[in-house]
file start35.cif (mmCIF, N, CA and C atoms)
data_final
loop_
_atom_site.group_PDB
_atom_site.id
_atom_site.type_symbol
_atom_site.label_atom_id
_atom_site.label_comp_id
_atom_site.auth_asym_id
_atom_site.auth_seq_id
_atom_site.Cartn_x
_atom_site.Cartn_y
_atom_site.Cartn_z
ATOM 1 N N MET A 182 0.818 -1.203 0.000
ATOM 2 C CA MET A 182 0.000 0.000 0.000
ATOM 3 C C MET A 182 0.859 1.262 0.000
ATOM 4 N N GLU A 183 1.955 1.257 0.799
ATOM 5 C CA GLU A 183 2.792 2.454 0.847
ATOM 6 C C GLU A 183 3.536 2.674 -0.465
ATOM 7 N N PHE A 184 3.739 1.596 -1.249
ATOM 8 C CA PHE A 184 4.384 1.724 -2.546
ATOM 9 C C PHE A 184 3.509 2.521 -3.508
ATOM 10 N N VAL A 185 2.206 2.311 -3.442
ATOM 11 C CA VAL A 185 1.270 3.051 -4.281
ATOM 12 C C VAL A 185 1.239 4.524 -3.870
ATOM 13 N N ILE A 186 1.282 4.772 -2.581
ATOM 14 C CA ILE A 186 1.272 6.149 -2.084
ATOM 15 C C ILE A 186 2.516 6.894 -2.552
ATOM 16 N N ILE A 187 3.675 6.223 -2.523
ATOM 17 C CA ILE A 187 4.914 6.845 -2.999
ATOM 18 C C ILE A 187 4.811 7.174 -4.481
ATOM 19 N N HIS A 188 4.274 6.247 -5.274
ATOM 20 C CA HIS A 188 4.094 6.489 -6.705
ATOM 21 C C HIS A 188 3.186 7.690 -6.955
ATOM 22 N N VAL A 189 2.081 7.749 -6.255
ATOM 23 C CA VAL A 189 1.134 8.845 -6.449
ATOM 24 C C VAL A 189 1.759 10.182 -6.038
ATOM 25 N N LEU A 190 2.478 10.211 -4.943
ATOM 26 C CA LEU A 190 3.117 11.457 -4.504
ATOM 27 C C LEU A 190 4.167 11.937 -5.497
ATOM 28 N N VAL A 191 4.967 11.016 -6.017
ATOM 29 C CA VAL A 191 6.003 11.411 -6.972
ATOM 30 C C VAL A 191 5.378 11.911 -8.276
ATOM 31 N N VAL A 192 4.313 11.278 -8.720
ATOM 32 C CA VAL A 192 3.637 11.729 -9.937
ATOM 33 C C VAL A 192 2.981 13.095 -9.718
ATOM 34 N N LEU A 193 2.399 13.314 -8.555
ATOM 35 C CA LEU A 193 1.819 14.629 -8.255
ATOM 36 C C LEU A 193 2.885 15.724 -8.220
ATOM 37 N N VAL A 194 4.035 15.416 -7.638
ATOM 38 C CA VAL A 194 5.131 16.383 -7.632
ATOM 39 C C VAL A 194 5.582 16.680 -9.056
ATOM 40 N N SER A 195 5.633 15.642 -9.898
ATOM 41 C CA SER A 195 6.019 15.837 -11.299
ATOM 42 C C SER A 195 5.030 16.740 -12.032
ATOM 43 N N ILE A 196 3.760 16.524 -11.821
ATOM 44 C CA ILE A 196 2.739 17.335 -12.497
ATOM 45 C C ILE A 196 2.788 18.783 -12.022
ATOM 46 N N ILE A 197 2.923 18.977 -10.719
ATOM 47 C CA ILE A 197 2.987 20.341 -10.179
ATOM 48 C C ILE A 197 4.244 21.058 -10.669
ATOM 49 N N ALA A 198 5.371 20.349 -10.693
ATOM 50 C CA ALA A 198 6.615 20.965 -11.176
ATOM 51 C C ALA A 198 6.529 21.295 -12.659
ATOM 52 N N ALA A 199 5.860 20.444 -13.439
ATOM 53 C CA ALA A 199 5.688 20.727 -14.865
ATOM 54 C C ALA A 199 4.819 21.966 -15.064
ATOM 55 N N LEU A 200 3.775 22.088 -14.289
ATOM 56 C CA LEU A 200 2.929 23.279 -14.387
ATOM 57 C C LEU A 200 3.685 24.540 -13.991
ATOM 58 N N ILE A 201 4.509 24.436 -12.964
ATOM 59 C CA ILE A 201 5.312 25.580 -12.551
ATOM 60 C C ILE A 201 6.308 25.950 -13.646
ATOM 61 N N ALA A 202 6.950 24.949 -14.236
ATOM 62 C CA ALA A 202 7.958 25.217 -15.274
ATOM 63 C C ALA A 202 7.350 25.862 -16.506
ATOM 64 N N VAL A 203 6.091 25.561 -16.784
ATOM 65 C CA VAL A 203 5.472 26.088 -17.993
ATOM 66 C C VAL A 203 4.750 27.415 -17.742
ATOM 67 N N GLU A 204 4.112 27.572 -16.613
ATOM 68 C CA GLU A 204 3.211 28.698 -16.395
ATOM 69 C C GLU A 204 3.822 29.906 -15.693
ATOM 70 N N VAL A 205 4.924 29.730 -14.993
ATOM 71 C CA VAL A 205 5.503 30.831 -14.231
ATOM 72 C C VAL A 205 6.190 31.814 -15.181
ATOM 73 N N LYS A 206 6.020 33.092 -14.933
ATOM 74 C CA LYS A 206 6.590 34.113 -15.814
ATOM 75 C C LYS A 206 8.060 34.403 -15.509
ATOM 76 N N ASP A 207 8.484 34.221 -14.282
ATOM 77 C CA ASP A 207 9.882 34.438 -13.913
ATOM 78 C C ASP A 207 10.714 33.249 -14.385
ATOM 79 N N ILE A 208 11.763 33.510 -15.145
ATOM 80 C CA ILE A 208 12.538 32.450 -15.767
ATOM 81 C C ILE A 208 13.307 31.628 -14.742
ATOM 82 N N LEU A 209 13.744 32.248 -13.662
ATOM 83 C CA LEU A 209 14.480 31.508 -12.634
ATOM 84 C C LEU A 209 13.562 30.516 -11.919
ATOM 85 N N ARG A 210 12.350 30.927 -11.608
ATOM 86 C CA ARG A 210 11.401 30.005 -10.978
ATOM 87 C C ARG A 210 10.981 28.895 -11.934
ATOM 88 N N ALA A 211 10.875 29.203 -13.215
ATOM 89 C CA ALA A 211 10.577 28.175 -14.204
ATOM 90 C C ALA A 211 11.716 27.171 -14.298
ATOM 91 N N LEU A 212 12.939 27.647 -14.191
ATOM 92 C CA LEU A 212 14.094 26.758 -14.208
ATOM 93 C C LEU A 212 14.124 25.857 -12.978
ATOM 94 N N ILE A 213 13.757 26.395 -11.835
ATOM 95 C CA ILE A 213 13.675 25.581 -10.617
ATOM 96 C C ILE A 213 12.583 24.517 -10.771
ATOM 97 N N GLY A 214 11.464 24.879 -11.371
ATOM 98 C CA GLY A 214 10.419 23.898 -11.645
ATOM 99 C C GLY A 214 10.903 22.812 -12.580
ATOM 100 N N PHE A 215 11.717 23.178 -13.589
ATOM 101 C CA PHE A 215 12.271 22.193 -14.508
ATOM 102 C C PHE A 215 13.230 21.245 -13.796
ATOM 103 N N VAL A 216 14.025 21.762 -12.860
ATOM 104 C CA VAL A 216 14.937 20.906 -12.090
ATOM 105 C C VAL A 216 14.155 19.914 -11.247
ATOM 106 N N ILE A 217 13.120 20.394 -10.574
ATOM 107 C CA ILE A 217 12.299 19.509 -9.744
ATOM 108 C C ILE A 217 11.602 18.469 -10.607
ATOM 109 N N LEU A 218 11.127 18.875 -11.779
ATOM 110 C CA LEU A 218 10.502 17.941 -12.709
ATOM 111 C C LEU A 218 11.486 16.878 -13.164
ATOM 112 N N SER A 219 12.705 17.256 -13.490
ATOM 113 C CA SER A 219 13.698 16.290 -13.948
ATOM 114 C C SER A 219 14.059 15.287 -12.854
ATOM 115 N N ILE A 220 14.211 15.775 -11.655
ATOM 116 C CA ILE A 220 14.551 14.879 -10.538
ATOM 117 C C ILE A 220 13.397 13.950 -10.221
ATOM 118 N N SER A 221 12.178 14.462 -10.225
ATOM 119 C CA SER A 221 11.031 13.595 -9.922
ATOM 120 C C SER A 221 10.792 12.576 -11.037
ATOM 121 N N LEU A 222 11.046 12.946 -12.296
ATOM 122 C CA LEU A 222 10.943 11.962 -13.369
ATOM 123 C C LEU A 222 11.999 10.879 -13.233
ATOM 124 N N SER A 223 13.167 11.240 -12.762
ATOM 125 C CA SER A 223 14.199 10.240 -12.505
ATOM 126 C C SER A 223 13.752 9.265 -11.411
ATOM 127 N N ILE A 224 13.097 9.777 -10.398
ATOM 128 C CA ILE A 224 12.569 8.908 -9.337
ATOM 129 C C ILE A 224 11.476 7.994 -9.879
ATOM 130 N N VAL A 225 10.627 8.525 -10.747
ATOM 131 C CA VAL A 225 9.574 7.700 -11.365
ATOM 132 C C VAL A 225 10.190 6.564 -12.166
ATOM 133 N N PHE A 226 11.211 6.874 -12.969
ATOM 134 C CA PHE A 226 11.861 5.824 -13.748
ATOM 135 C C PHE A 226 12.483 4.765 -12.858
ATOM 136 N N TYR A 227 13.088 5.189 -11.754
ATOM 137 C CA TYR A 227 13.691 4.223 -10.844
ATOM 138 C C TYR A 227 12.629 3.332 -10.189
ATOM 139 N N LEU A 228 11.518 3.941 -9.795
ATOM 140 C CA LEU A 228 10.445 3.157 -9.177
ATOM 141 C C LEU A 228 9.802 2.192 -10.168
ATOM 142 N N LEU A 229 9.839 2.515 -11.443
ATOM 143 C CA LEU A 229 9.291 1.625 -12.464
ATOM 144 C C LEU A 229 10.250 0.507 -12.848
ATOM 145 N N GLY A 230 11.451 0.518 -12.288
ATOM 146 C CA GLY A 230 12.390 -0.575 -12.528
ATOM 147 C C GLY A 230 13.366 -0.312 -13.656
ATOM 148 N N ALA A 231 13.637 0.944 -13.959
ATOM 149 C CA ALA A 231 14.587 1.296 -15.010
ATOM 150 C C ALA A 231 15.687 2.177 -14.412
ATOM 151 N N PRO A 232 16.641 1.568 -13.688
ATOM 152 C CA PRO A 232 17.661 2.396 -13.019
ATOM 153 C C PRO A 232 18.609 3.096 -13.981
ATOM 154 N N TYR A 233 18.907 2.481 -15.132
ATOM 155 C CA TYR A 233 19.811 3.135 -16.081
ATOM 156 C C TYR A 233 19.159 4.369 -16.704
ATOM 157 N N VAL A 234 17.889 4.278 -17.016
ATOM 158 C CA VAL A 234 17.172 5.438 -17.544
ATOM 159 C C VAL A 234 17.121 6.531 -16.481
ATOM 160 N N SER A 235 16.968 6.141 -15.236
ATOM 161 C CA SER A 235 16.947 7.094 -14.138
ATOM 162 C C SER A 235 18.269 7.844 -14.018
ATOM 163 N N VAL A 236 19.368 7.120 -14.131
ATOM 164 C CA VAL A 236 20.684 7.749 -14.045
ATOM 165 C C VAL A 236 20.912 8.690 -15.219
ATOM 166 N N PHE A 237 20.518 8.272 -16.425
ATOM 167 C CA PHE A 237 20.682 9.144 -17.583
ATOM 168 C C PHE A 237 19.770 10.368 -17.489
ATOM 169 N N GLN A 238 18.595 10.209 -16.927
ATOM 170 C CA GLN A 238 17.703 11.350 -16.724
ATOM 171 C C GLN A 238 18.355 12.370 -15.798
ATOM 172 N N LEU A 239 18.961 11.886 -14.728
ATOM 173 C CA LEU A 239 19.644 12.806 -13.807
ATOM 174 C C LEU A 239 20.866 13.442 -14.456
ATOM 175 N N ALA A 240 21.649 12.648 -15.183
ATOM 176 C CA ALA A 240 22.897 13.163 -15.748
ATOM 177 C C ALA A 240 22.643 14.163 -16.871
ATOM 178 N N ILE A 241 21.712 13.845 -17.760
ATOM 179 C CA ILE A 241 21.512 14.687 -18.929
ATOM 180 C C ILE A 241 20.602 15.868 -18.606
ATOM 181 N N TYR A 242 19.397 15.596 -18.133
ATOM 182 C CA TYR A 242 18.433 16.682 -17.961
ATOM 183 C C TYR A 242 18.660 17.468 -16.677
ATOM 184 N N ALA A 243 18.775 16.792 -15.557
ATOM 185 C CA ALA A 243 18.939 17.522 -14.300
ATOM 186 C C ALA A 243 20.358 18.039 -14.145
ATOM 187 N N GLY A 244 21.278 17.534 -14.957
ATOM 188 C CA GLY A 244 22.653 17.995 -14.891
ATOM 189 C C GLY A 244 23.002 18.939 -16.017
ATOM 190 N N ALA A 245 23.206 18.385 -17.191
ATOM 191 C CA ALA A 245 23.758 19.151 -18.306
ATOM 192 C C ALA A 245 22.804 20.222 -18.836
ATOM 193 N N VAL A 246 21.552 19.884 -19.037
ATOM 194 C CA VAL A 246 20.607 20.843 -19.609
ATOM 195 C C VAL A 246 20.347 21.990 -18.635
ATOM 196 N N VAL A 247 20.264 21.696 -17.366
ATOM 197 C CA VAL A 247 20.035 22.751 -16.381
ATOM 198 C C VAL A 247 21.247 23.677 -16.296
ATOM 199 N N VAL A 248 22.456 23.129 -16.388
ATOM 200 C CA VAL A 248 23.647 23.976 -16.399
ATOM 201 C C VAL A 248 23.642 24.870 -17.634
ATOM 202 N N LEU A 249 23.218 24.336 -18.764
ATOM 203 C CA LEU A 249 23.107 25.142 -19.983
ATOM 204 C C LEU A 249 22.098 26.270 -19.801
ATOM 205 N N PHE A 250 20.945 25.970 -19.210
ATOM 206 C CA PHE A 250 19.932 27.002 -18.970
ATOM 207 C C PHE A 250 20.420 28.056 -17.984
ATOM 208 N N VAL A 251 21.116 27.641 -16.929
ATOM 209 C CA VAL A 251 21.632 28.599 -15.950
ATOM 210 C C VAL A 251 22.673 29.506 -16.600
ATOM 211 N N THR A 252 23.516 28.936 -17.461
ATOM 212 C CA THR A 252 24.503 29.740 -18.173
ATOM 213 C C THR A 252 23.828 30.750 -19.094
ATOM 214 N N ALA A 253 22.813 30.313 -19.802
ATOM 215 C CA ALA A 253 22.081 31.234 -20.674
ATOM 216 C C ALA A 253 21.385 32.315 -19.862
ATOM 217 N N LEU A 254 20.804 31.962 -18.741
ATOM 218 C CA LEU A 254 20.145 32.940 -17.875
ATOM 219 C C LEU A 254 21.154 33.951 -17.338
ATOM 220 N N HIS A 255 22.308 33.463 -16.947
ATOM 221 C CA HIS A 255 23.354 34.352 -16.435
ATOM 222 C C HIS A 255 23.823 35.312 -17.522
ATOM 223 N N THR A 256 23.946 34.817 -18.727
ATOM 224 C CA THR A 256 24.363 35.660 -19.843
ATOM 225 C C THR A 256 23.283 36.681 -20.187
ATOM 226 N N MET A 257 22.035 36.273 -20.156
ATOM 227 C CA MET A 257 20.938 37.199 -20.482
ATOM 228 C C MET A 257 20.779 38.278 -19.438
ATOM 229 N N ARG A 258 21.021 37.977 -18.197
ATOM 230 C CA ARG A 258 20.861 38.969 -17.134
ATOM 231 C C ARG A 258 21.920 40.064 -17.231
ATOM 232 N N ARG A 259 23.087 39.780 -17.794
ATOM 233 C CA ARG A 259 24.146 40.769 -17.887
ATOM 234 C C ARG A 259 23.905 41.789 -18.966
ATOM 235 N N VAL A 260 23.155 41.439 -19.972
ATOM 236 C CA VAL A 260 22.929 42.335 -21.099
ATOM 237 C C VAL A 260 21.903 43.390 -20.694
ATOM 238 N N LYS A 261 22.287 44.650 -20.818
ATOM 239 C CA LYS A 261 21.363 45.751 -20.519
ATOM 240 C C LYS A 261 20.887 46.349 -21.835
ATOM 241 N N LEU A 262 19.600 46.430 -22.013
ATOM 242 C CA LEU A 262 19.059 47.006 -23.244
ATOM 243 C C LEU A 262 18.652 48.448 -23.043
#
call {"tool": "encode", "arguments": {"input": "start35.cif", "output": "C-alpha coordinates"}}
result
Amino acid sequence: MEFVIIHVLVVLVSIIAALIAVEVKDILRALIGFVILSISLSIVFYLLGAPYVSVFQLAIYAGAVVVLFVTALHTMRRVKL
(Lines of atoms letter the chains of each structure in order from A and count residues from 1; the text may use other names and numbers.)
(Lines give C-alpha, C1' and ligand atoms only; values in the text may rest on other atoms or scores of the structure.)
Protein backbone atom coordinates (compact mmCIF):
# COMPACT_ATOMS: atom_id res chain seq x y z
CA MET A 1 0.00 0.00 0.00
CA GLU A 2 2.79 2.45 0.85
CA PHE A 3 4.38 1.72 -2.55
CA VAL A 4 1.27 3.05 -4.28
CA ILE A 5 1.27 6.15 -2.08
CA ILE A 6 4.91 6.84 -3.00
CA HIS A 7 4.09 6.49 -6.71
CA VAL A 8 1.13 8.84 -6.45
CA LEU A 9 3.12 11.46 -4.50
CA VAL A 10 6.00 11.41 -6.97
CA VAL A 11 3.64 11.73 -9.94
CA LEU A 12 1.82 14.63 -8.26
CA VAL A 13 5.13 16.38 -7.63
CA SER A 14 6.02 15.84 -11.30
CA ILE A 15 2.74 17.34 -12.50
CA ILE A 16 2.99 20.34 -10.18
CA ALA A 17 6.62 20.97 -11.18
CA ALA A 18 5.69 20.73 -14.87
CA LEU A 19 2.93 23.28 -14.39
CA ILE A 20 5.31 25.58 -12.55
CA ALA A 21 7.96 25.22 -15.27
CA VAL A 22 5.47 26.09 -17.99
CA GLU A 23 3.21 28.70 -16.40
CA VAL A 24 5.50 30.83 -14.23
CA LYS A 25 6.59 34.11 -15.81
CA ASP A 26 9.88 34.44 -13.91
CA ILE A 27 12.54 32.45 -15.77
CA LEU A 28 14.48 31.51 -12.63
CA ARG A 29 11.40 30.00 -10.98
CA ALA A 30 10.58 28.18 -14.20
CA LEU A 31 14.09 26.76 -14.21
CA ILE A 32 13.67 25.58 -10.62
CA GLY A 33 10.42 23.90 -11.65
CA PHE A 34 12.27 22.19 -14.51
CA VAL A 35 14.94 20.91 -12.09
CA ILE A 36 12.30 19.51 -9.74
CA LEU A 37 10.50 17.94 -12.71
CA SER A 38 13.70 16.29 -13.95
CA ILE A 39 14.55 14.88 -10.54
CA SER A 40 11.03 13.59 -9.92
CA LEU A 41 10.94 11.96 -13.37
CA SER A 42 14.20 10.24 -12.50
CA ILE A 43 12.57 8.91 -9.34
CA VAL A 44 9.57 7.70 -11.36
CA PHE A 45 11.86 5.82 -13.75
CA TYR A 46 13.69 4.22 -10.84
CA LEU A 47 10.45 3.16 -9.18
CA LEU A 48 9.29 1.63 -12.46
CA GLY A 49 12.39 -0.57 -12.53
CA ALA A 50 14.59 1.30 -15.01
CA PRO A 51 17.66 2.40 -13.02
CA TYR A 52 19.81 3.14 -16.08
CA VAL A 53 17.17 5.44 -17.54
CA SER A 54 16.95 7.09 -14.14
CA VAL A 55 20.68 7.75 -14.05
CA PHE A 56 20.68 9.14 -17.58
CA GLN A 57 17.70 11.35 -16.72
CA LEU A 58 19.64 12.81 -13.81
CA ALA A 59 22.90 13.16 -15.75
CA ILE A 60 21.51 14.69 -18.93
CA TYR A 61 18.43 16.68 -17.96
CA ALA A 62 18.94 17.52 -14.30
CA GLY A 63 22.65 17.99 -14.89
CA ALA A 64 23.76 19.15 -18.31
CA VAL A 65 20.61 20.84 -19.61
CA VAL A 66 20.04 22.75 -16.38
CA VAL A 67 23.65 23.98 -16.40
CA LEU A 68 23.11 25.14 -19.98
CA PHE A 69 19.93 27.00 -18.97
CA VAL A 70 21.63 28.60 -15.95
CA THR A 71 24.50 29.74 -18.17
CA ALA A 72 22.08 31.23 -20.67
CA LEU A 73 20.15 32.94 -17.87
CA HIS A 74 23.35 34.35 -16.43
CA THR A 75 24.36 35.66 -19.84
CA MET A 76 20.94 37.20 -20.48
CA ARG A 77 20.86 38.97 -17.13
CA ARG A 78 24.15 40.77 -17.89
CA VAL A 79 22.93 42.34 -21.10
CA LYS A 80 21.36 45.75 -20.52
CA LEU A 81 19.06 47.01 -23.24
call {"tool": "residues_near_point", "arguments": {"input": "start35.cif", "point": "(7.9, 18.3, -15.9)", "cutoff": "12 Å", "atoms": "only C-alpha atoms", "output": "PyMOL selection string"}}
result
chain A and resi 191-204+211-223+225+242-243
call {"tool": "axis_aligned_box", "arguments": {"input": "start35.cif", "around": "stretch 188-196 of chain A", "padding_each_side": "5 Å", "output": "lines of an AutoDock Vina configuration file"}}
result
center_x = 3.6
center_y = 12.5
center_z = -8.5
size_x = 14.9
size_y = 22.5
size_z = 18.0
call {"tool": "residues_around", "arguments": {"input": "start35.cif", "residues": "stretch 249-258 of chain A", "least_positions_apart": "3", "cutoff": "9 Å", "atoms": "only C-alpha atoms", "output": "list in words"}}
result
Ile208, Leu209, Leu212, Gly244, Ala245, Val246 and Lys261 of chain A
call {"tool": "atom_distance", "arguments": {"input": "start35.cif", "atom1": "atom C of A:Leu190", "atom2": "atom CA of A:Tyr227"}}
result
13.4 Å
call {"tool": "select_by_dssp", "arguments": {"input": "start35.cif", "residues": "chain A", "states": "alpha helix (DSSP H)", "output": "ChimeraX atom specification"}}
result
/A:183-204,208-228,232-237,247-259
